[in-house]
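Asker: Sending over a structure as structure tokens; questions will come in a sec.
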Number of protein chains: 2
Amino acid sequence: MAAVSDDASRTQASRRASTRSALLEAAARGLSRYGYANVALEGVAAEAGYSRGALYHLFANKEDLALAVVAWVDETWTAEVGDPAAARAEPVDVLLALARGHAVYCRRDVARVMQTLRVEFLGQDHPVGRAVAKIIDGLVVDCAELIAAGRSSGAIPPGPPPQETATAFVSVVEAVGISVAGQSHDTELAERAVRGVLGLPPAPISTDAQTREPTGRQTNQKGRSRHETA
Amino acid sequence: MAAVSDDASRTQASRRASTRSALLEAAARGLSRYGYANVALEGVAAEAGYSRGALYHLFANKEDLALAVVAWVDETWTAEVGDPAAARAEPVDVLLALARGHAVYCRRDVARVMQTLRVEFLGQDHPVGRAVAKIIDGLVVDCAELIAAGRSSGAIPPGPPPQETATAFVSVVEAVGISVAGQSHDTELAERAVRGVLGLPPAPISTDAQTREPTGRQTNQKGRSRHETA
DNA sequence: GATTGAACATACAGACATGTTTGTATGGCG
DNA sequence: CGCCATACAAACATGTCTGTATGTTCAATC
């Protein structure tokens, strides 16, 4: 279980980075499974192959560790889901790619850490909760702009205010991603849900053969939505 | 300071029921806000106007209190959301009424207690988590049957397996209900999301005037029915 | 009106987790 | 080769929360 079992003799910087990474990953798993209050740092350190001393040497305290986990998850999510989706041209395609990409992202257990922390600190005033809320709120703002843009171009039918619609959009993406994570139709159900939130009609043909496309690039041959000024 | 401010001189049974009800409500709020691990029984008792002694006199322990809260929330939810929705004839209408009714139910803060506990105990083996999971799983099973029935009658288009679709349905209803709780378009967004999950086309005309009175059945009484007796 | 038991408050003990301190071994560098 | 900083372990100190035990007030029956 040790981070580096045999080759412990390396440069200090890489050693530090290695243990930090192992502790981060273990903390992410622990936070995702048990939540902030329930997770014990001794278990986190033990799962990473270290002791609490190492953890407190790398991180100031529990809160600092959780904030680092949040930042790390945010980075990986942006790289694996956010950026590929943002590369689409049409706002509708960005939103749909976001939903499908997040469903794929949720196939790992680490994905639950954001929901766990968000729910745990909802309505409180805790730095970790603020960090999570800031990320989610930023995502909501971006989605609201995409929804507004898609509506003004006619690709998205009218509906509730963009901000409120975006809030529902993000929560739906998060919820369906986690609930059916890893099941065979996760991306299809995510797309179905967000289509509904956006007021789009169901996808024309949902052959469930290519719904199982993993992380890479997601060629948009399936949900090529006709956006001719509804 | 007392639960009943002026009329403290009543029969002992009603006194007991009154304090139990006050403690239950305070515990529901506390669980919903802070979660099981974070909530402190002293705060719960203080918010209800009592001390921890009263709480431990009425409930065996923290777990028992949480289980009672879960049962209480389940009863009120079934009475206010589940039963009115189940009165519909068509399975599609039941599902849609469920979504809208839950959005209305979520306008109270107590509604978050189920999600909070479910997320907190996800992947653990705790009695409270099992109780919540049992309720949610039962709801998923019911919705899966409704989805299957609606599909075989042609009212719901085909899609992923009913069980998986029902899982996404329930999580979407829960998520959108909480995220946009109390906002002006909560029921409309809930209906939009579940329509998408079910593969239904968008609602024909969504003039937001009649979204506030969707079903005509759910009497939105704020005061909870006190039909619980020890 | 006194007694008995329930409703409730207060005080106490144990458990557990965080954060700190101290100690040890290893790597970097002159 | 020797000195020092760093990585890490292990014990310690502190605070908080649960659960229990004890005490006090109040209602119900004689």
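Identifiers in the structure tokens: chain A, B, ... in order shown; residue index from 1 per chain; ligand index from 1 in order shown.
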Once chain B is fitted to chain A on all Cα atoms paired one-to-one in order, how large is the remaining RMSD?
Answerer: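 Result: 7.6 Å C-alpha RMSD.
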Asker: Using only C-alpha atoms (C1' of nucleotides), determine which residues lie at most 12 Å from Asp142 (chain A), disregarding the query and same-chain residues fewer than 2 positions distant; provide the list as number ranges by chain.
Answerer: A: 82, 86, 91, 94-95, 98, 135-140, 144-149, 162-163, 165-167, 169-170
Asker: Now that the selection is made, can you save its residues with C-alpha atoms as a PDB file, in the first residue's frame?
Answerer:
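After the write, out34.pdb holds the following:
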```
ATOM      1  CA  GLY A  82     -14.981  21.398 -19.044  1.00  0.00           C
ATOM      2  CA  ALA A  86     -16.071  24.290 -24.261  1.00  0.00           C
ATOM      3  CA  PRO A  91     -23.773  26.617 -27.018  1.00  0.00           C
ATOM      4  CA  VAL A  94     -21.318  22.668 -25.228  1.00  0.00           C
ATOM      5  CA  LEU A  95     -24.088  21.997 -22.755  1.00  0.00           C
ATOM      6  CA  LEU A  98     -20.874  18.856 -20.578  1.00  0.00           C
ATOM      7  CA  ILE A 135     -16.766  26.382  -8.243  1.00  0.00           C
ATOM      8  CA  ILE A 136     -20.355  25.293  -8.698  1.00  0.00           C
ATOM      9  CA  ASP A 137     -21.577  28.864  -8.891  1.00  0.00           C
ATOM     10  CA  GLY A 138     -19.021  29.649 -11.541  1.00  0.00           C
ATOM     11  CA  LEU A 139     -20.210  26.691 -13.514  1.00  0.00           C
ATOM     12  CA  VAL A 140     -23.789  27.841 -13.122  1.00  0.00           C
ATOM     13  CA  ALA A 144     -26.478  30.482 -17.762  1.00  0.00           C
ATOM     14  CA  GLU A 145     -24.573  32.416 -20.387  1.00  0.00           C
ATOM     15  CA  LEU A 146     -24.595  29.408 -22.680  1.00  0.00           C
ATOM     16  CA  ILE A 147     -28.313  29.003 -22.197  1.00  0.00           C
ATOM     17  CA  ALA A 148     -28.923  32.660 -22.927  1.00  0.00           C
ATOM     18  CA  ALA A 149     -26.785  32.474 -26.027  1.00  0.00           C
ATOM     19  CA  PRO A 162     -31.226  31.434 -17.573  1.00  0.00           C
ATOM     20  CA  GLN A 163     -29.835  31.607 -14.065  1.00  0.00           C
ATOM     21  CA  THR A 165     -32.427  27.052 -15.590  1.00  0.00           C
ATOM     22  CA  ALA A 166     -28.669  26.790 -15.251  1.00  0.00           C
ATOM     23  CA  THR A 167     -28.998  25.940 -11.577  1.00  0.00           C
ATOM     24  CA  PHE A 169     -29.061  22.085 -15.293  1.00  0.00           C
ATOM     25  CA  VAL A 170     -25.977  21.771 -13.125  1.00  0.00           C
TER      26      VAL A 170
END
```
Asker: For chain D, which residues have at least one atom within 9 Å of chain B, if we go by only C-alpha atoms (C1' of nucleotides)? Write them as a count of residues only, please.
Answerer: 5
Asker: Considering only C-alpha atoms (C1' of nucleotides), return as a ChimeraX atom specification whatever protein or nucleic-acid residues lie within 12 Å of Ala22 (chain A), sequence-local ones (same chain, fewer than 3 positions apart) excluded.
Answerer: /A:1-4,15-19,25-29,44-51,54-55,58,69
Asker: Quick one: of A:Ala13, A:Ile178, A:Leu96, A:Ala155, who's nearest to chain C, counting only C-alpha atoms (C1' of nucleotides)?
Answerer: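 Ranked by minimum distance to chain C, first place goes to A:Ala13.
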